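Enquirer: Questions regarding the structure given below will be posed in turn.
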Amino acid sequence: MSTESEGHFVSLQEVSRFCMDALVNIGVNVEFAQQMADMLVAADYRGHYSCGLKKLGIHVEDIKRKVCNGNARPTILRETAATAWVDGNNGMGPVVGNFCMDIAIQKAKKSGIGWVVAKGSNDFGIAMWYSRLALEHDMVGMAFSNTPPVMAPTRAKQAALGSNPISMAAPGLRGDSFILDMATTAASLQKIEMYQRRQEPIPNGWALDSAGRLTTDPNVALETGCLMPLGGLEDTSGHKGYGLALMVETLCGILGGAAYGPYIKKEGDYDRPANLGQCFVAINPECFAPGFKERMSDLMNTLRAMEPADPRKPVLVPGDPERLHMLRVDKQGGILYSENQIKALMDVANELKIQPLNIL
């Protein structure tokens, strides 16, 4: 079922088992290890590989070096009927995110909206993992996080803001839903790494070199340069991507009292905790106009039914690509990982003395 050129398939259950073994091996309790494993599996299952199993080694190293506390439980510092300020206590991102989103949902049930901001968190993975929790309660969910600086603000030549993801989930009829999950950079580091592996130039408008000039060299972008905001240059509306990144920073780092902008430690630095800021929102549509789900589904289906410019590429709405990826994974019986990633995970297994991934 696998080929040398494609990589290897691994079942979802096996990915979860491997994550659990790795985390429990370094002392993380089973409850919190499961929350991290669930998020990592969900990321790869949905096709967001930059936030999935690829990050396991980084999470393990952060915990081993004690810049992240794998067993820390978040605490509420201050709250009102509709809001809460949370200290993640340097815990794992998914543990903090699940805790905060649950509070937001419970508050929205009583007050119509729940708005929760956290400091002292770590990388929480895919933002949609948290926004979509609101769908289980027929609510609208939102999730934001600041991240280590990789983006140059418009007119600057050095990174000062993160990719700062934005996610929103809104329920439609019969389980259909709108689920947005986007970075505020023009491209992700993962996409640039893909061009690097293929030894191909990246598109103009994705990255700058160390002097602040446009570069199409993926090596320069990854090693000495930085990413550009969504939109690229100012002439092509890059200032809007910059504005969105700053909006996320305001809601997370500034509002939460966390690290922000260029003061967030870079991935791979172990001199201090990340102290990320994150924001979680739940909104009860029943507090507003009736028929929300019906109108949401009508709009989504109207968009999907539009005549495509390219007949081979039907019009989609946010959330559709992830659903299609999950169907493909289900059909092939597992998640496809590259040969290089399998080798990297073998190194993790050898270091921790746990059972390696069983490939299909």
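We label chains A, B, ... in the order they appear in the structure tokens, count residues from 1 in each chain, and number ligands from 1 in the order shown.
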Compile the contact shell of region 280-289 of chain A as a count of residues only: residues with an atom at most 9 Å away, counting only C-alpha atoms, same-chain residues fewer than 5 positions apart removed.

Expert: 29

Enquirer: Which residue is closest to Gln34 (chain A)? Choose from A:Ser237, A:Asn90, A:Gln158, A:Asn98 and count only C-alpha atoms.

Expert: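 Among the listed residues, the smallest separation from Gln34 (chain A) belongs to A:Asn98.
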
Enquirer: Taking the chain letters and numbering used in this document, name the residues of region 231-284 of chain A that DSSP puts in strand (DSSP E or B), as a list in words.

Expert: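 Matching residues, listed in order: Leu276, Gly277, Gln278, Cys279, Phe280, Val281, Ala282 and Ile283 of chain A.
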
Enquirer: List as a list in words the protein and nucleic acid residues near Glu31 (chain A), meaning an atom at most 12 Å away when only C-alpha atoms are counted, but skip any in the same chain fewer than 6 places from it.

Expert: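 My reading of the contact set: Met20, Leu23, Val24, Ala37, Asp38, Gly70, Asn71, Ala72, Arg73, Met92, Pro94 and Val95 of chain A.
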
Enquirer: As a ChimeraX atom specification, please: the residues near region 161-165 of chain A (cut-off 10 Å, only C-alpha atoms, same-chain neighbours under 5 positions excluded).

Expert: /A:125-128,143-153,180-189,227-230,241-242,244-249,252,260-264,266,278

Enquirer: Report the distance between CA of Asp271 (chain A) and CA of Val348 (chain A) in Å, rounded to one decimal place.

Expert: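 Interatomic distance, CA of Asp271 (chain A) to CA of Val348 (chain A): 22.3 Å.
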
Enquirer: Kindly give the distance, in Å, that separates CA of Ile354 (chain A) and CA of Ala43 (chain A), rounded to a single decimal.

Expert: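 Spanning CA of Ile354 (chain A) to CA of Ala43 (chain A) is a straight-line distance of 22.5 Å.
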
Enquirer: Pick the closest to Val15 (chain A) from A:Tyr45, A:Pro318, A:Asn29, A:Pro203: which is it, counting only C-alpha atoms?

Expert: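 Using only C-alpha atoms, the shortest distance to Val15 (chain A) belongs to A:Tyr45.
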